[in-house]
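Data first, discussion second: the structure below is written as structure tokens.
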Amino acid sequence: MSRDKKVSQEKPKEIKPSQEGLTVKKDENFSEWFTQIIQKTELADLRYNVKGFLVFQPWSVLSMEKMYYYLEKVLQKKGHKPYFFPTVIPESNLKKESSHIGGFTPEVFWVTHGGDKELEEKLALRPTSETAFYQMFSLWIRSYNDLPFKTYQRANVFRHETKATRPFLRSREFHWIETHCAHESEEDAFRQVKEDMNTTKEVLHDIFGLPFIFFERPSWDKFPGASRTFAADVLNPDGKVIQQPSTHMLSQNFSKAFDVKFKDKDGKEKLAWITCYGPAVSRIFASVIIVHGDDKGLKFPFEIAPLQVAIVPINKDDDKLIKKSKELKKEIEELGLSVEVDLSEKRPGEKFNYWEMKGVPIRIDLGLKDLENKKITIFRRDTDKKEVVPEKDAIKTIEKISKEFTKNLIQKADKIFEGRIKDSENLSGIKKIIENNGIARISFCSTEKAGTSCAAKIEKETGAFVRGTKFDEDKKLSTNSKCAICSKKANHIVYVARAY
Ligand SMILES: [Zn+2]
């Protein structure tokens with residue numbers, strides 16, 4: 001699915017995993033902050049000896065597993081059935097849809113040998129699986145009764161990125177979900193595209209806390225083989241947007257290529273309408289780190305935190321404290337939360353910093369004095385504040401925080417995002433907004449071929465791209481609006497931003 005062409009040139013500097021805190025500020029040097037946070041909180045080890053591939057470590061995997069859980073739960077609820085497709089796709093499948101193969105060829109890893117013997121047909125390590133799914137759709141789909149045919153799989157896909165890679169954001173192997181659906185009519189297919197956009201809101205925004213805008217991409221930036229492409233852009237503090245899930249109207253392009261037909265109610269054989277959607281979990285994880293993290297370290301939304309509560313007994317050799325810690329752990333586990341008691345050799349201050357850097361939502365600091373006074377000290381990472389509560393209220397308080405936590409992160413993230421979108425009427429205005437790490441909203445002539453020269457001018461002058469139109473927003477355009485670049489009649493409201 002998503003296949004954006006703009007590749008970052010930055011090469012991550014290698015930092016050894018360490019428990020020391022971050023030494024740069026997110027807003028001052030975002031790129032270095034991102035590299036440090038990945039390595040210092042042990043999300044991934046970048047020292048694997050194949051270029052562009054990385055080892056995902058437990059602290060990211062535990063969170064990504066939860067992300068998969070929420071995405072799959074919603075997809076299944078909406079009628080998608082799970083599949084596991086083969087990792088390899090024969091070259092002949094990939095070649096069937098011409099613009100698809102044209103778009104993906106430069107990035108395909110090919111398997112050419114089985115042992116010493118050259119294979120009769122080259123096999124691609126899937127860069128995306130349209131050409132695997134639709135081959136089978138042609139065998140499975142027979143009549144209108146089979147439609148809509150809604151599938152998905154969780155998979156890792158491979159793309160030989162030609163420029164520098166960045167961990168989580170752009171690796172040569174990444175982890176995602178891809179959904180593929182066949183429909184009776186164009187209307188049904190478009191309904192699916194809208195459903196995909198809603199799924200993105202329900203999960204990425206409401207659970208993972210990521211603000212985004214879903215754009216319809218201009219014609220020159222569509223997915224190879226799609227007739228319409230819609231993609232969610234999330235904003236980084238450095239003013240670059242990251243493309244997150246995209247959903248595509250493949251129309252009948254692939255059903256023609258793969259002969260996906262059904263017998264309709266009128267007895268006639270018709271081509272199916274196909275849509276696909278691709279939330280890339282490892283890439284969404286990058287946005288979770290970037291949007292919520294701060295100068296102290298990670299900040300996980302409560303539902304997808306690898307660990308939700310850490311208990312730190314201030315004196316780890318005191319039997320009473322250990323006993324109390326374990327009792328608390330058990331009670332909190334009964335709420336369905338994950339809990340760990342930190343009995344490591346570090347000093348208490350180091351432990352506090354460590355768990356803050358790791359982004360654990362709730363930390364309980366348990367000291368002897370608190371124990372005597374029947375009090376509990378709770379630190380919450382959403383507000384970075386400590387609360388001292390009577391011991392009897394501890395569980396109730398934790399439950400309350402668990403419910404408020406993600407909402408607080410969402411509120412903060414939404415506010416920052418909205419504050420970065422500014423209107424502009426001319427090129428110098430756009431330039432200023434982009435220089436201030438914002439997204440410019442402008443009137444624009446055309447998102448078809450006619451607009452390419454205006455888009456090129458924006459790119460040349462500001463380094464930013466026309467990301468597309470927001471669904472239904474063009475209706476707000478007044479009839480005498482003019483394109484911010486060429487002053488011809490404006491037909492769209494588009495958004496302009498720098499991008500990864
Ligand atoms: Zn124009």
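In the structure tokens, each chain is lettered A, B, ... as it comes, each chain's residues begin at 1, and ligands are numbered from 1 in order of appearance.
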>> For ligand 1, return the neighbouring residues as a PyMOL selection string (distance at most 7 Å; only C-alpha atoms and all ligand atoms).
In response: chain A and resi 444-446+451+454+483-488
Keeping only N, CA and C atoms, write the selected residues as a short mmCIF file (atom, residue, chain, number, x, y, z; two decimals), in the first residue's frame.
```cif
data_model
loop_
_atom_site.label_atom_id
_atom_site.label_comp_id
_atom_site.auth_asym_id
_atom_site.auth_seq_id
_atom_site.Cartn_x
_atom_site.Cartn_y
_atom_site.Cartn_z
N PHE A 444 -6.23 26.37 -3.98
CA PHE A 444 -5.33 25.79 -4.99
C PHE A 444 -6.10 25.48 -6.25
N CYS A 445 -5.39 25.61 -7.39
CA CYS A 445 -6.09 25.47 -8.66
C CYS A 445 -6.58 24.03 -8.91
N SER A 446 -5.64 23.08 -8.99
CA SER A 446 -6.06 21.75 -9.42
C SER A 446 -5.17 20.66 -8.84
N GLY A 451 -2.41 21.15 -11.96
CA GLY A 451 -1.84 21.81 -10.78
C GLY A 451 -0.38 21.48 -10.53
N CYS A 454 2.13 24.41 -10.19
CA CYS A 454 2.00 25.16 -8.94
C CYS A 454 2.60 24.35 -7.78
N CYS A 483 -6.18 30.52 -6.76
CA CYS A 483 -5.03 29.71 -6.37
C CYS A 483 -3.94 30.60 -5.76
N ALA A 484 -3.40 30.20 -4.62
CA ALA A 484 -2.39 31.01 -3.93
C ALA A 484 -1.11 31.15 -4.75
N ILE A 485 -0.93 30.32 -5.74
CA ILE A 485 0.31 30.35 -6.53
C ILE A 485 0.09 31.04 -7.89
N CYS A 486 -0.88 30.54 -8.68
CA CYS A 486 -1.01 31.04 -10.06
C CYS A 486 -2.16 32.04 -10.22
N SER A 487 -2.95 32.22 -9.14
CA SER A 487 -4.08 33.16 -9.16
C SER A 487 -5.21 32.77 -10.12
N LYS A 488 -5.13 31.60 -10.73
CA LYS A 488 -6.27 31.12 -11.51
C LYS A 488 -7.36 30.67 -10.54
#
```
>> Just want the 12 Å neighbourhood of Ala456 (chain A), counted on only C-alpha atoms, with same-chain residues fewer than 6 positions away dropped. Output as a PyMOL selection string.
In response: chain A and resi 220+449-450+462-466+485-486+496
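Going from CA of Gln76 (chain A) to CA of Gly225 (chain A) covers 26.2 Å.
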> Looking at only C-alpha atoms, which of A:Ala124, A:Ile38, A:Ala155, A:Cys276 is the one that sits closest to Pro167 (chain A)?
Replying inline: A:Ile38
>> Show me, as a PyMOL selection string, the residues that have an atom within 10 Å of region 170-177 of chain A when counting only C-alpha atoms, minus same-chain residues fewer than 4 positions from it.
In response: chain A and resi 7-8+50-54+64+68+71-72+107+109+125+127-128+152-166+245+277-284+286+500
Same residues, N, CA and C atoms, saved as a compact mmCIF listing (two decimals), in the first residue's frame:
```
# COMPACT_ATOMS: atom_id res chain seq x y z
N VAL A 7 12.39 10.45 0.61
CA VAL A 7 13.16 9.67 1.57
C VAL A 7 14.12 10.57 2.32
N SER A 8 14.12 10.41 3.63
CA SER A 8 15.01 11.19 4.46
C SER A 8 16.47 10.78 4.21
N VAL A 50 22.64 -6.36 8.73
CA VAL A 50 22.13 -6.17 7.37
C VAL A 50 21.57 -4.74 7.32
N LYS A 51 22.06 -3.98 6.36
CA LYS A 51 21.71 -2.56 6.29
C LYS A 51 20.19 -2.36 6.12
N GLY A 52 19.66 -1.45 6.93
CA GLY A 52 18.25 -1.12 6.80
C GLY A 52 17.31 -2.03 7.58
N PHE A 53 17.88 -3.02 8.27
CA PHE A 53 17.07 -3.94 9.07
C PHE A 53 17.44 -3.75 10.55
N LEU A 54 16.46 -3.86 11.41
CA LEU A 54 16.77 -3.64 12.82
C LEU A 54 16.11 -4.71 13.68
N MET A 64 3.72 -2.76 20.53
CA MET A 64 3.18 -3.00 19.18
C MET A 64 2.20 -4.17 19.18
N TYR A 68 -1.50 -3.99 17.65
CA TYR A 68 -2.11 -4.99 16.76
C TYR A 68 -3.46 -5.44 17.33
N LEU A 71 -6.16 -2.81 16.73
CA LEU A 71 -6.50 -2.69 15.30
C LEU A 71 -7.29 -3.91 14.82
N GLU A 72 -6.80 -5.10 15.19
CA GLU A 72 -7.46 -6.32 14.71
C GLU A 72 -8.86 -6.47 15.30
N GLU A 107 12.01 -1.30 -5.61
CA GLU A 107 12.12 -1.61 -4.18
C GLU A 107 11.96 -3.08 -3.85
N PHE A 109 12.82 -6.90 -3.18
CA PHE A 109 13.86 -7.91 -2.92
C PHE A 109 13.43 -9.18 -3.66
N LEU A 125 9.97 -10.92 -2.33
CA LEU A 125 9.56 -10.83 -0.93
C LEU A 125 8.51 -9.71 -0.93
N PRO A 127 6.38 -6.70 -1.12
CA PRO A 127 6.50 -5.29 -0.72
C PRO A 127 5.15 -4.79 -0.21
N THR A 128 4.08 -5.50 -0.56
CA THR A 128 2.68 -5.27 -0.22
C THR A 128 1.98 -6.45 -0.93
N TYR A 152 -8.11 -9.40 5.95
CA TYR A 152 -6.90 -8.67 6.38
C TYR A 152 -5.85 -9.68 6.78
N GLN A 153 -4.60 -9.21 6.82
CA GLN A 153 -3.55 -10.01 7.45
C GLN A 153 -2.58 -9.11 8.19
N ARG A 154 -1.99 -9.65 9.28
CA ARG A 154 -0.85 -8.97 9.89
C ARG A 154 0.38 -9.60 9.27
N ALA A 155 1.31 -8.78 8.85
CA ALA A 155 2.44 -9.31 8.09
C ALA A 155 3.64 -8.38 8.19
N ASN A 156 4.81 -8.94 7.88
CA ASN A 156 5.94 -8.05 7.65
C ASN A 156 6.19 -7.98 6.16
N VAL A 157 6.51 -6.77 5.69
CA VAL A 157 6.74 -6.57 4.27
C VAL A 157 8.13 -5.98 4.07
N PHE A 158 8.63 -6.12 2.84
CA PHE A 158 10.03 -5.81 2.57
C PHE A 158 10.13 -4.82 1.42
N ARG A 159 10.87 -3.76 1.64
CA ARG A 159 11.09 -2.80 0.55
C ARG A 159 12.53 -2.36 0.57
N HIS A 160 13.18 -2.51 -0.56
CA HIS A 160 14.58 -2.12 -0.65
C HIS A 160 14.65 -0.62 -0.86
N GLU A 161 14.50 0.12 0.25
CA GLU A 161 14.57 1.58 0.18
C GLU A 161 15.94 1.94 -0.37
N THR A 162 15.94 2.87 -1.32
CA THR A 162 17.22 3.17 -1.97
C THR A 162 18.02 4.23 -1.22
N LYS A 163 17.34 4.98 -0.36
CA LYS A 163 18.08 6.02 0.38
C LYS A 163 18.16 5.63 1.85
N ALA A 164 18.69 6.56 2.66
CA ALA A 164 18.91 6.26 4.08
C ALA A 164 17.61 5.86 4.77
N THR A 165 17.70 4.88 5.63
CA THR A 165 16.54 4.43 6.38
C THR A 165 16.56 5.05 7.78
N ARG A 166 15.41 5.05 8.44
CA ARG A 166 15.33 5.51 9.83
C ARG A 166 14.52 4.49 10.60
N PRO A 245 -1.67 5.44 8.08
CA PRO A 245 -2.45 4.58 7.20
C PRO A 245 -2.99 5.26 5.96
N TYR A 277 -6.28 -1.14 2.51
CA TYR A 277 -5.98 -0.20 3.61
C TYR A 277 -4.78 -0.74 4.36
N GLY A 278 -3.84 0.13 4.73
CA GLY A 278 -2.62 -0.40 5.34
C GLY A 278 -2.08 0.35 6.53
N PRO A 279 -2.55 0.03 7.75
CA PRO A 279 -1.92 0.62 8.92
C PRO A 279 -0.59 -0.08 9.25
N ALA A 280 0.50 0.67 9.11
CA ALA A 280 1.84 0.10 9.36
C ALA A 280 2.19 0.27 10.83
N VAL A 281 2.04 -0.82 11.58
CA VAL A 281 2.15 -0.74 13.04
C VAL A 281 3.51 -0.21 13.48
N SER A 282 4.60 -0.69 12.86
CA SER A 282 5.91 -0.22 13.32
C SER A 282 6.10 1.28 13.03
N ARG A 283 5.50 1.75 11.97
CA ARG A 283 5.60 3.17 11.64
C ARG A 283 4.68 4.01 12.53
N ILE A 284 3.50 3.47 12.84
CA ILE A 284 2.59 4.19 13.75
C ILE A 284 3.24 4.29 15.12
N ALA A 286 6.33 4.71 15.65
CA ALA A 286 7.24 5.87 15.59
C ALA A 286 6.48 7.15 15.93
N TYR A 500 8.37 13.38 5.55
CA TYR A 500 9.39 12.32 5.55
C TYR A 500 9.24 11.48 4.31
```
List as JSON lines every residue of region 373-416 of chain A that is in contact with region 297-307 of chain A, defined as an atom at most 12 Å from one of its atoms (using only C-alpha atoms), together with the nearest atom pair and the distance in Å rounded to one decimal, sorted by chain and then rising number.
```
{"residue": "A:Arg380", "atom": "CA", "partner": "A:Lys299", "partner_atom": "CA", "distance": 10.3}
{"residue": "A:Arg381", "atom": "CA", "partner": "A:Lys299", "partner_atom": "CA", "distance": 6.8}
{"residue": "A:Asp382", "atom": "CA", "partner": "A:Lys299", "partner_atom": "CA", "distance": 7.4}
{"residue": "A:Thr383", "atom": "CA", "partner": "A:Lys299", "partner_atom": "CA", "distance": 10.4}
{"residue": "A:Asp384", "atom": "CA", "partner": "A:Lys299", "partner_atom": "CA", "distance": 10.1}
{"residue": "A:Ile398", "atom": "CA", "partner": "A:Phe302", "partner_atom": "CA", "distance": 11.5}
{"residue": "A:Glu399", "atom": "CA", "partner": "A:Phe302", "partner_atom": "CA", "distance": 11.2}
{"residue": "A:Lys400", "atom": "CA", "partner": "A:Phe302", "partner_atom": "CA", "distance": 11.8}
{"residue": "A:Ile401", "atom": "CA", "partner": "A:Phe302", "partner_atom": "CA", "distance": 9.2}
{"residue": "A:Ser402", "atom": "CA", "partner": "A:Phe302", "partner_atom": "CA", "distance": 6.5}
{"residue": "A:Lys403", "atom": "CA", "partner": "A:Phe302", "partner_atom": "CA", "distance": 8.3}
{"residue": "A:Glu404", "atom": "CA", "partner": "A:Phe302", "partner_atom": "CA", "distance": 9.0}
{"residue": "A:Phe405", "atom": "CA", "partner": "A:Phe302", "partner_atom": "CA", "distance": 6.2}
{"residue": "A:Thr406", "atom": "CA", "partner": "A:Pro301", "partner_atom": "CA", "distance": 5.0}
{"residue": "A:Lys407", "atom": "CA", "partner": "A:Pro301", "partner_atom": "CA", "distance": 8.6}
{"residue": "A:Asn408", "atom": "CA", "partner": "A:Pro301", "partner_atom": "CA", "distance": 9.2}
{"residue": "A:Leu409", "atom": "CA", "partner": "A:Pro301", "partner_atom": "CA", "distance": 7.0}
{"residue": "A:Ile410", "atom": "CA", "partner": "A:Pro301", "partner_atom": "CA", "distance": 8.7}
{"residue": "A:Gln411", "atom": "CA", "partner": "A:Pro301", "partner_atom": "CA", "distance": 11.9}
{"residue": "A:Ala413", "atom": "CA", "partner": "A:Pro301", "partner_atom": "CA", "distance": 11.5}
```
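Of the residues under consideration (A:Val494, A:Asp294, A:Lys415, A:Phe262), A:Asp294 shows the shortest atom-to-atom contact distance to Val24 (chain A) when counting only C-alpha atoms.
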> A:Leu94, A:Leu477, A:Val288, A:Val312: which is nearest Glu345 (chain A), counting only C-alpha atoms?
Replying inline: A:Val312
